[in-house]
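Colleague: One file: query_39.csv (CSV, C-alpha atoms and all ligand atoms).
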chain,number,residue,atom,x,y,z
V,1,MET,CA,43.8,1.1,58.0
V,2,GLU,CA,45.0,4.7,58.3
V,3,THR,CA,43.0,7.1,56.3
V,4,ARG,CA,46.1,8.6,54.5
V,5,ASP,CA,47.2,5.0,53.6
V,6,ALA,CA,43.7,4.4,52.1
V,7,TYR,CA,44.0,7.5,49.9
V,8,ALA,CA,47.5,6.5,48.9
V,9,GLU,CA,46.3,3.0,48.0
V,10,LEU,CA,43.8,4.6,45.6
V,11,GLY,CA,46.3,7.1,44.3
V,12,LEU,CA,44.2,9.9,45.5
V,13,HIS,CA,44.6,13.1,47.6
V,14,PRO,CA,42.1,13.4,50.5
V,15,SER,CA,40.5,16.3,48.7
V,16,ALA,CA,39.4,14.0,45.9
V,17,THR,CA,35.7,14.2,45.1
V,18,ASP,CA,33.3,11.3,45.6
V,19,ALA,CA,33.2,10.9,41.8
V,20,GLN,CA,37.0,10.8,41.6
V,21,LEU,CA,37.1,8.3,44.5
V,22,LYS,CA,34.6,6.0,42.7
V,23,ALA,CA,36.4,6.3,39.3
V,24,SER,CA,39.8,5.5,40.8
V,25,TRP,CA,38.5,2.5,42.6
V,26,ARG,CA,36.7,1.1,39.6
V,27,ARG,CA,39.8,1.6,37.4
V,28,LEU,CA,42.0,-0.2,40.0
V,29,VAL,CA,39.4,-3.0,40.5
V,30,ALA,CA,39.3,-3.6,36.8
V,31,ALA,CA,43.1,-3.6,36.6
V,32,TRP,CA,43.8,-5.8,39.5
V,33,HIS,CA,41.0,-8.3,39.7
V,34,PRO,CA,42.6,-11.8,39.9
V,35,ASP,CA,40.2,-13.0,37.1
V,36,ARG,CA,41.8,-10.5,34.8
V,37,ASN,CA,45.3,-10.0,36.2
V,38,ALA,CA,47.7,-12.9,36.4
V,39,ALA,CA,50.2,-11.1,38.7
V,40,PRO,CA,50.9,-13.2,41.8
V,41,ASP,CA,50.0,-10.3,44.1
V,42,ALA,CA,46.7,-9.4,42.2
V,43,GLY,CA,44.6,-11.0,45.0
V,44,SER,CA,46.2,-9.1,47.8
V,45,ARG,CA,46.2,-5.8,45.8
V,46,MET,CA,42.5,-6.3,45.1
V,47,GLN,CA,41.8,-6.8,48.8
V,48,ALA,CA,43.9,-3.7,49.7
V,49,ILE,CA,42.0,-1.6,47.1
V,50,ASN,CA,38.6,-2.7,48.4
V,51,LYS,CA,39.6,-2.1,52.0
V,52,ALA,CA,40.9,1.3,51.2
V,53,TYR,CA,37.7,2.2,49.3
V,54,GLN,CA,35.4,0.9,52.0
V,55,HIS,CA,37.4,2.8,54.7
V,56,ILE,CA,37.0,6.1,52.8
V,57,ARG,CA,33.4,5.5,52.0
V,58,GLN,CA,32.5,4.8,55.6
V,59,LEU,CA,34.3,8.0,56.7
V,60,ARG,CA,32.5,10.0,54.1
V,61,ASP,CA,29.1,8.4,54.6
V,62,GLY,CA,29.4,8.6,58.4
V,63,ASP,CA,27.1,10.9,60.4
V,64,ASP,CA,29.9,13.1,61.5
V,65,PRO,CA,33.1,12.5,59.6
V,66,ASP,CA,34.9,15.5,61.2
V,67,ALA,CA,34.6,13.8,64.6
V,68,VAL,CA,36.7,10.8,63.5
V,69,ASP,CA,39.9,10.7,65.5
V,70,GLU,CA,42.3,8.9,63.2
V,71,ASP,CA,45.0,8.3,65.8
V,72,SER,CA,42.6,6.5,68.2
V,73,ALA,CA,41.4,4.1,65.6
V,74,ALA,CA,43.1,0.8,66.0
V,75,PRO,CA,44.3,-1.0,62.8
V,76,ALA,CA,41.7,-3.2,61.3
V,77,PRO,CA,42.0,-6.7,62.6
V,78,ALA,CA,42.8,-9.6,60.3
V,79,THR,CA,39.5,-11.1,59.3
V,80,GLU,CA,40.6,-13.3,56.4
V,81,SER,CA,37.9,-15.7,55.6
V,82,ALA,CA,38.4,-19.4,55.7
V,83,GLN,CA,36.2,-19.7,52.7
V,84,ALA,CA,38.0,-18.6,49.6
V,85,ASP,CA,34.9,-17.7,47.7
V,86,ALA,CA,33.2,-15.7,50.4
V,87,PRO,CA,34.6,-12.2,50.5
V,88,SER,CA,35.4,-11.1,54.1
V,89,ASN,CA,34.8,-7.5,54.9
V,90,THR,CA,35.0,-5.2,57.9
V,91,HIS,CA,32.6,-2.5,58.4
V,92,ILE,CA,34.0,0.4,60.5
V,93,ARG,CA,31.5,2.5,62.4
V,94,LYS,CA,31.1,4.5,65.5
V,95,VAL,CA,29.0,3.5,68.5
V,96,GLN,CA,28.0,6.0,71.2
V,97,LEU,CA,27.8,4.6,74.7
V,98,SER,CA,26.5,6.4,77.8
V,99,LEU,CA,29.0,6.6,80.6
V,100,GLU,CA,26.9,4.2,82.6
V,101,ASP,CA,26.9,1.7,79.8
V,102,ALA,CA,30.6,2.0,79.4
V,103,ILE,CA,31.2,1.4,83.1
V,104,LEU,CA,28.8,-1.5,83.5
V,105,GLY,CA,29.0,-3.0,80.0
V,106,CYS,CA,25.9,-3.3,77.8
V,107,THR,CA,24.4,-5.1,74.9
V,108,ARG,CA,23.4,-3.2,71.7
V,109,THR,CA,21.6,-4.3,68.6
V,110,LEU,CA,23.4,-2.6,65.7
V,111,SER,CA,22.0,-2.4,62.3
V,112,GLY,CA,23.1,-0.6,59.1
V,113,HIS,CA,24.2,-1.2,55.5
V,114,PHE,CA,27.5,-2.3,54.3
V,115,THR,CA,28.6,-1.3,50.8
V,116,HIS,CA,30.9,-3.6,48.9
V,117,VAL,CA,32.1,-4.1,45.3
V,118,CYS,CA,29.5,-5.7,43.1
V,119,SER,CA,30.5,-9.3,42.8
V,120,ALA,CA,28.6,-9.8,39.5
V,121,CYS,CA,30.4,-7.0,37.6
V,122,LEU,CA,33.5,-6.6,39.8
V,123,GLY,CA,32.7,-2.9,40.3
V,124,LYS,CA,32.5,-2.0,36.6
V,125,GLY,CA,28.8,-1.4,36.7
V,126,GLN,CA,28.1,-3.1,33.5
V,127,GLY,CA,28.1,-6.6,32.0
V,128,VAL,CA,29.3,-7.9,28.7
V,129,LEU,CA,26.6,-9.4,26.5
V,130,ALA,CA,27.0,-12.1,23.8
V,131,LYS,CA,26.1,-9.5,21.2
V,132,ALA,CA,27.9,-7.1,19.0
V,133,CYS,CA,28.4,-3.6,20.2
V,134,SER,CA,25.7,-1.4,18.5
V,135,THR,CA,28.1,1.5,18.1
V,136,CYS,CA,30.9,-0.2,16.2
V,137,HIS,CA,28.8,-3.2,15.0
V,138,GLY,CA,31.3,-5.6,16.6
V,139,SER,CA,34.4,-4.2,14.9
V,140,GLY,CA,35.7,-2.5,18.0
V,141,ALA,CA,36.7,0.6,16.0
V,142,VAL,CA,34.9,3.7,14.9
V,143,HIS,CA,35.8,6.0,12.0
V,144,ARG,CA,35.9,9.7,12.4
V,145,PRO,CA,36.2,12.2,9.6
V,146,ALA,CA,39.6,13.8,9.6
V,147,LEU,CA,40.9,17.2,8.3
V,148,PHE,CA,39.5,17.2,4.7
V,149,GLY,CA,36.4,15.1,5.2
V,150,TRP,CA,37.7,12.5,2.7
V,151,MET,CA,40.2,11.0,5.1
V,152,TRP,CA,39.1,8.8,8.0
V,153,ASN,CA,40.8,8.1,11.2
V,154,GLN,CA,40.1,4.8,12.9
V,155,GLU,CA,39.7,5.0,16.7
V,156,GLU,CA,38.9,2.5,19.3
V,157,CYS,CA,35.2,2.3,20.1
V,158,SER,CA,34.7,4.0,23.5
V,159,ASP,CA,31.4,2.2,24.1
V,160,CYS,CA,32.9,-1.3,24.1
V,161,GLY,CA,36.5,-0.4,24.9
V,162,GLY,CA,37.5,-2.0,21.6
V,163,ASP,CA,36.4,-5.5,22.0
V,164,GLY,CA,33.3,-5.1,19.9
V,165,ARG,CA,30.9,-6.6,22.5
V,166,LEU,CA,27.7,-5.0,23.7
V,167,ARG,CA,27.6,-3.7,27.3
V,168,ALA,CA,24.5,-3.4,29.5
V,169,PRO,CA,24.2,-2.0,33.0
V,170,CYS,CA,24.8,-4.7,35.6
V,171,ASP,CA,21.5,-6.2,36.8
V,172,ALA,CA,22.9,-7.1,40.2
V,173,CYS,CA,23.9,-3.5,41.1
V,174,ASP,CA,21.8,-1.5,38.7
V,175,GLY,CA,25.0,-0.2,37.1
V,176,ARG,CA,26.3,1.3,40.3
V,177,GLY,CA,29.2,-1.1,40.6
V,178,GLU,CA,28.6,-1.7,44.2
V,179,GLN,CA,26.1,-3.5,46.3
V,180,SER,CA,24.7,-2.8,49.8
V,181,VAL,CA,23.8,-5.5,52.3
V,182,PRO,CA,21.8,-4.8,55.4
V,183,TYR,CA,23.1,-6.2,58.6
V,184,ARG,CA,21.9,-6.5,62.2
V,185,ARG,CA,24.1,-7.8,65.0
V,186,ARG,CA,23.7,-8.1,68.7
V,187,VAL,CA,26.9,-7.0,70.3
V,188,ARG,CA,28.1,-7.2,73.9
V,189,PHE,CA,30.3,-4.3,75.0
V,190,PRO,CA,32.4,-5.3,78.0
V,191,SER,CA,32.6,-3.0,81.0
V,192,GLY,CA,35.3,-0.4,80.9
V,193,MET,CA,35.4,0.6,77.2
V,194,ARG,CA,36.7,4.1,76.8
V,195,GLU,CA,36.5,6.9,74.2
V,196,GLY,CA,38.6,5.7,71.2
V,197,HIS,CA,38.5,2.0,72.1
V,198,VAL,CA,37.8,-0.3,69.3
V,199,LEU,CA,35.7,-3.5,69.6
V,200,SER,CA,36.2,-6.0,66.9
V,201,VAL,CA,33.3,-8.3,66.2
V,202,PRO,CA,34.1,-11.5,64.3
V,203,ALA,CA,32.7,-11.9,60.8
V,204,SER,CA,29.3,-13.5,60.2
V,205,ARG,CA,27.3,-14.0,57.1
V,206,HIS,CA,25.1,-11.2,55.8
V,207,GLY,CA,23.6,-11.7,52.4
V,208,ALA,CA,26.5,-12.6,50.1
V,209,VAL,CA,29.3,-11.4,52.3
V,210,ASP,CA,31.0,-12.3,55.6
V,211,LEU,CA,30.9,-9.1,57.5
V,212,GLY,CA,32.9,-8.3,60.6
V,213,LEU,CA,32.4,-5.1,62.6
V,214,GLU,CA,35.0,-2.7,63.9
V,215,LEU,CA,33.2,-0.5,66.4
V,216,GLN,CA,34.8,2.7,67.5
V,217,VAL,CA,33.6,3.7,70.9
V,218,GLU,CA,32.5,7.2,71.7
V,219,ILE,CA,31.3,8.2,75.2
V,220,GLU,CA,28.4,10.5,75.4
V,221,PRO,CA,28.8,13.6,77.6
V,222,HIS,CA,27.2,13.0,81.0
V,223,PRO,CA,25.2,15.6,83.0
V,224,PHE,CA,26.9,14.6,86.3
V,225,PHE,CA,29.8,12.3,85.8
V,226,ARG,CA,33.2,13.2,84.5
V,227,LEU,CA,36.0,10.8,83.7
V,228,ASP,CA,39.3,12.5,84.3
V,229,GLY,CA,42.5,11.8,82.5
V,230,ASP,CA,43.6,9.4,85.2
V,231,GLY,CA,40.5,7.3,84.7
V,232,VAL,CA,38.9,8.5,88.0
V,233,LEU,CA,35.2,9.0,87.8
V,234,ARG,CA,34.2,12.3,89.5
V,235,CYS,CA,31.1,14.2,90.3
V,236,GLU,CA,30.6,17.7,91.8
V,237,MET,CA,27.3,18.4,93.5
V,238,PRO,CA,25.9,21.3,95.3
V,239,VAL,CA,24.5,20.6,98.8
V,240,ASN,CA,22.6,22.6,101.3
V,241,GLY,CA,25.3,24.2,103.5
V,242,TYR,CA,23.4,23.7,106.7
V,243,ALA,CA,22.7,20.1,105.9
V,244,TRP,CA,26.5,19.7,105.2
V,245,MET,CA,27.2,21.3,108.6
V,246,ALA,CA,24.6,19.1,110.3
V,247,GLY,CA,26.0,15.9,108.8
V,248,ARG,CA,22.8,15.0,107.1
V,249,TRP,CA,22.2,12.3,104.4
V,250,VAL,CA,22.0,13.3,100.8
V,251,GLU,CA,21.2,11.4,97.6
V,252,VAL,CA,24.2,11.1,95.3
V,253,PRO,CA,24.1,9.8,91.7
V,254,THR,CA,26.3,6.8,91.1
V,255,PRO,CA,26.8,4.7,87.9
V,256,ASP,CA,24.6,2.1,89.6
V,257,GLY,CA,21.8,4.5,90.6
V,258,LEU,CA,21.0,6.9,93.4
V,259,GLN,CA,22.6,6.2,96.7
V,260,GLN,CA,22.4,7.8,100.2
V,261,MET,CA,25.6,9.4,101.4
V,262,ARG,CA,26.2,11.0,104.8
V,263,LEU,CA,27.8,14.5,104.7
V,264,ASN,CA,30.5,15.4,107.1
V,265,ARG,CA,31.3,19.1,107.8
V,266,ASP,CA,35.0,18.3,107.8
V,267,ALA,CA,35.0,16.9,104.3
V,268,LEU,CA,34.3,18.3,100.9
V,269,VAL,CA,35.5,15.2,98.9
V,270,TYR,CA,34.1,11.7,99.5
V,271,ARG,CA,35.6,8.5,98.1
V,272,LEU,CA,33.1,5.8,97.1
V,273,ALA,CA,35.4,2.9,96.8
V,274,GLY,CA,34.9,0.5,93.9
V,275,GLN,CA,32.0,2.5,92.4
V,276,GLY,CA,34.0,4.2,89.6
V,277,PHE,CA,35.3,3.4,86.2
V,278,PRO,CA,37.0,0.0,85.6
V,279,ALA,CA,40.8,0.3,85.4
V,280,ALA,CA,40.8,-1.7,82.2
V,281,PRO,CA,38.1,-3.4,80.0
V,282,ARG,CA,36.5,-6.2,82.1
V,283,GLY,CA,38.7,-5.0,85.0
V,284,ALA,CA,37.8,-4.1,88.6
V,285,ARG,CA,36.2,-0.8,89.2
V,286,GLY,CA,38.1,2.1,90.6
V,287,ASP,CA,37.0,4.7,93.0
V,288,TYR,CA,34.3,7.3,92.5
V,289,MET,CA,35.0,10.7,94.0
V,290,VAL,CA,32.2,13.0,94.9
V,291,LYS,CA,33.0,16.6,95.7
V,292,VAL,CA,30.3,18.6,97.5
V,293,VAL,CA,29.9,22.3,97.2
V,294,PRO,CA,28.0,23.6,100.3
V,295,VAL,CA,25.6,26.3,99.3
V,296,PHE,CA,24.2,28.7,101.8
V,297,PRO,CA,21.1,30.8,101.3
V,298,ALA,CA,21.2,34.6,100.6
V,299,GLU,CA,22.3,36.6,103.6
V,300,ASP,CA,19.5,39.1,103.5
V,301,ASP,CA,16.7,36.6,104.3
V,302,PRO,CA,15.2,38.0,107.6
V,303,ALA,CA,13.9,34.6,108.8
V,304,GLN,CA,17.3,32.9,108.1
V,305,LYS,CA,19.1,35.8,109.8
V,306,ALA,CA,16.9,35.5,113.0
V,307,LEU,CA,17.6,31.8,113.2
V,308,LEU,CA,21.3,32.3,112.6
V,309,ASP,CA,21.4,35.0,115.4
V,310,GLN,CA,19.8,32.5,117.7
V,311,LEU,CA,22.2,29.8,116.7
V,312,ILE,CA,25.2,32.1,117.2
V,313,ALA,CA,24.0,33.4,120.6
V,314,SER,CA,23.4,29.9,122.0
V,315,SER,CA,26.6,28.4,120.7
V,316,SER,CA,28.7,31.3,121.8
V,317,LYS,CA,27.4,31.1,125.3
V,318,ALA,CA,28.1,27.4,125.5
V,319,ALA,CA,31.6,27.8,123.9
V,320,ALA,CA,32.6,30.7,126.2
V,321,ALA,CA,31.5,28.8,129.3
V,322,ASP,CA,33.9,25.9,128.6
V,323,ALA,CA,37.4,27.1,129.2
V,324,GLU,CA,38.9,23.8,127.7
V,325,GLN,CA,37.4,24.7,124.3
V,326,PRO,CA,39.4,26.9,121.9
V,327,ILE,CA,36.8,29.7,122.0
V,328,GLY,CA,36.6,29.7,125.8
V,329,GLN,CA,40.5,29.8,126.0
V,330,TRP,CA,40.7,32.5,123.4
V,331,GLN,CA,38.2,34.7,125.1
V,332,ARG,CA,40.0,34.3,128.5
V,333,ASN,CA,43.4,35.2,126.9
V,334,LEU,CA,41.8,38.1,125.1
V,335,LYS,CA,40.3,39.6,128.2
V,336,ARG,CA,43.6,39.3,130.1
V,337,TRP,CA,45.6,40.9,127.3
V,338,ASN,CA,43.1,43.7,126.9
V,339,ALA,CA,43.2,44.5,130.6
V,340,GLY,CA,47.0,44.7,130.5
V,341,HIS,CA,47.0,46.8,127.4
V,342,LYS,CA,44.7,49.4,129.0
V,343,LYS,CA,46.8,49.5,132.1
V,344,SER,CA,50.1,50.2,130.2
V,345,ASN,CA,48.4,53.0,128.3
V,346,ARG,CA,47.4,54.7,131.6
V,347,ASP,CA,50.9,54.5,133.0
V,348,GLU,CA,52.4,56.7,130.2
V,401,ZN,ZN,27.3,-5.1,39.3
V,402,ZN,ZN,32.0,-0.9,20.1
Can I see the file as structure tokens?
Ligand SMILES: [Zn+2]
Ligand SMILES: [Zn+2]
Modeller:
Amino acid sequence: METRDAYAELGLHPSATDAQLKASWRRLVAAWHPDRNAAPDAGSRMQAINKAYQHIRQLRDGDDPDAVDEDSAAPAPATESAQADAPSNTHIRKVQLSLEDAILGCTRTLSGHFTHVCSACLGKGQGVLAKACSTCHGSGAVHRPALFGWMWNQEECSDCGGDGRLRAPCDACDGRGEQSVPYRRRVRFPSGMREGHVLSVPASRHGAVDLGLELQVEIEPHPFFRLDGDGVLRCEMPVNGYAWMAGRWVEVPTPDGLQQMRLNRDALVYRLAGQGFPAAPRGARGDYMVKVVPVFPAEDDPAQKALLDQLIASSSKAAAADAEQPIGQWQRNLKRWNAGHKKSNRDE
């Protein structure tokens, strides 16, 4: 159910206070309950009213209502109960998964409370006793002095609503009009669930209600992994520049744990096939791309500088000696050109 539809169902603006929300819901429940309303669509209206109220309550009671992305929430699944007398309800809530759990799938035990209309008082918060109203003594009307004190106006008794019967707070809900049932479910999340995906869990009995769950997935930020818009899992990691040049092995984090990967000085991006995010829920895993950022030590370290000088000297000598290699060729051409250049200067 869309949030704006829920407010419309209750005849409210989203800025309505919690008290206005509750008052409107109670008024509608009292008007549309099939026990009191003979209209053929009373049952379906009642369901819609309760669904709208539960939707808004859950958004308002949630840990972080501002984070709710209304567009990503799938419409509530049909969870009509086979048993006519057992109300079927759907509890909407968010579940945070780590990126690893989202990739590999996981099992979570979810517990919480689900608030629903009190079945004893139908949300009115009070019951009718088989006694006369103490305010109007059963007449259903009260008299109020009018203008001159010797005239009396007769008004409907507000305590009993005019039927003359005594009210008492509902025992079942302590007068709150709603009841809360605790629930605890073990839920299997398949691999490949993404931010905004919704997992619908079929209804099961909790206390007096059949309760289904609609779980909106949120993916926790990860220190290493990033899932890009194309669904490709990526990681960027610094590596020792010399180890990169030397083609050494490094440990890389993968969704399945640490793994050895061999660096190659001709490559900055490495594809780990089949180790990324599933293309679809329960689907085959895509590729995981690791980008390495070679990091070299500060240039002014004297010990490093001496070692680099040695390295440059020995490699230059070897490269210059081999005329087939680019540096050897280059140096030969450079020498020839330089000699010709000097000669032409002299001739002028
Ligand atoms: Zn009640
Ligand atoms: Zn009364």
Colleague: Skipping near chain neighbours, those fewer than 3 positions away, what residues fall within 10 Å of Asn50 of chain V using all atoms listed in the file, listed as a PyMOL selection string?
Modeller: chain V and resi 6+9-10+25-26+28-29+44-47+53-56+89+116-117
Colleague: Using all atoms listed in the file, which residues of chain V come within 12 Å of ligand ZN 401 (chain V), and what is the closest atom pair for each, with the distance in Å to one decimal? Give it as JSON lines, sorted by chain and residue number.
Modeller:
{"residue": "V:Arg26", "atom": "CA", "partner": "V:ZN401", "partner_atom": "ZN", "distance": 11.3}
{"residue": "V:His116", "atom": "CA", "partner": "V:ZN401", "partner_atom": "ZN", "distance": 10.4}
{"residue": "V:Val117", "atom": "CA", "partner": "V:ZN401", "partner_atom": "ZN", "distance": 7.7}
{"residue": "V:Cys118", "atom": "CA", "partner": "V:ZN401", "partner_atom": "ZN", "distance": 4.4}
{"residue": "V:Ser119", "atom": "CA", "partner": "V:ZN401", "partner_atom": "ZN", "distance": 6.3}
{"residue": "V:Ala120", "atom": "CA", "partner": "V:ZN401", "partner_atom": "ZN", "distance": 4.9}
{"residue": "V:Cys121", "atom": "CA", "partner": "V:ZN401", "partner_atom": "ZN", "distance": 4.0}
{"residue": "V:Leu122", "atom": "CA", "partner": "V:ZN401", "partner_atom": "ZN", "distance": 6.4}
{"residue": "V:Gly123", "atom": "CA", "partner": "V:ZN401", "partner_atom": "ZN", "distance": 5.9}
{"residue": "V:Lys124", "atom": "CA", "partner": "V:ZN401", "partner_atom": "ZN", "distance": 6.6}
{"residue": "V:Gly125", "atom": "CA", "partner": "V:ZN401", "partner_atom": "ZN", "distance": 4.8}
{"residue": "V:Gln126", "atom": "CA", "partner": "V:ZN401", "partner_atom": "ZN", "distance": 6.2}
{"residue": "V:Gly127", "atom": "CA", "partner": "V:ZN401", "partner_atom": "ZN", "distance": 7.5}
{"residue": "V:Val128", "atom": "CA", "partner": "V:ZN401", "partner_atom": "ZN", "distance": 11.1}
{"residue": "V:Ala168", "atom": "CA", "partner": "V:ZN401", "partner_atom": "ZN", "distance": 10.3}
{"residue": "V:Pro169", "atom": "CA", "partner": "V:ZN401", "partner_atom": "ZN", "distance": 7.7}
{"residue": "V:Cys170", "atom": "CA", "partner": "V:ZN401", "partner_atom": "ZN", "distance": 4.5}
{"residue": "V:Asp171", "atom": "CA", "partner": "V:ZN401", "partner_atom": "ZN", "distance": 6.4}
{"residue": "V:Ala172", "atom": "CA", "partner": "V:ZN401", "partner_atom": "ZN", "distance": 4.9}
{"residue": "V:Cys173", "atom": "CA", "partner": "V:ZN401", "partner_atom": "ZN", "distance": 4.2}
{"residue": "V:Asp174", "atom": "CA", "partner": "V:ZN401", "partner_atom": "ZN", "distance": 6.6}
{"residue": "V:Gly175", "atom": "CA", "partner": "V:ZN401", "partner_atom": "ZN", "distance": 5.8}
{"residue": "V:Arg176", "atom": "CA", "partner": "V:ZN401", "partner_atom": "ZN", "distance": 6.6}
{"residue": "V:Gly177", "atom": "CA", "partner": "V:ZN401", "partner_atom": "ZN", "distance": 4.6}
{"residue": "V:Glu178", "atom": "CA", "partner": "V:ZN401", "partner_atom": "ZN", "distance": 6.1}
{"residue": "V:Gln179", "atom": "CA", "partner": "V:ZN401", "partner_atom": "ZN", "distance": 7.3}
{"residue": "V:Ser180", "atom": "CA", "partner": "V:ZN401", "partner_atom": "ZN", "distance": 11.1}
Colleague: Quick one: of V:Leu258, V:Leu307, V:Leu334, V:Val142, who's nearest to ligand ZN 402 (chain V), counting all atoms listed in the file?
Modeller: V:Val142
Colleague: Residues within 12 Å of ligand ZN 402 (chain V) should be enumerated using all atoms listed in the file and returned as a ChimeraX atom specification.
Modeller: /V:128-129,131-143,155-167
Colleague: Atom CA of Phe277 of chain V and atom CA of Lys291 of chain V are how many Å apart?
Modeller: 16.4 Å
Colleague: So that I can see what lies close to Ala273 of chain V, please list as a list in words the residues with an atom at most 7 Å from it, counting only C-alpha atoms and leaving out residues fewer than 5 positions away in the same chain.
Modeller: Gly286, Asp287 and Tyr288 of chain V
Colleague: Hey, which of V:Asp18, V:Asp228, V:Glu195, V:Glu218 ends up closest to Arg60 of chain V? Count all atoms listed in the file.
Modeller: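 Of the candidates, the smallest distance to Arg60 of chain V is held by V:Asp18.
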Colleague: Nearest residue to Thr115 of chain V out of V:Gln260, V:Thr90, V:Thr17, V:Gln216, using all atoms listed in the file?
Modeller: V:Thr90
Colleague: How far is it from atom CA of Tyr7 of chain V to atom CA of Pro202 of chain V, in Å with one decimal?
Modeller: 25.8 Å
Colleague: Could you tell me how far atom CA of Val181 of chain V sits from atom CA of Phe114 of chain V, in Å to one decimal place?
Modeller: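 These two atoms are separated by 5.3 Å.
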Colleague: With all atoms listed in the file as the atoms that count, which of V:Gly105, V:Pro14, V:Gly241, V:Pro297 lies nearest to Pro281 of chain V?
Modeller: V:Gly105
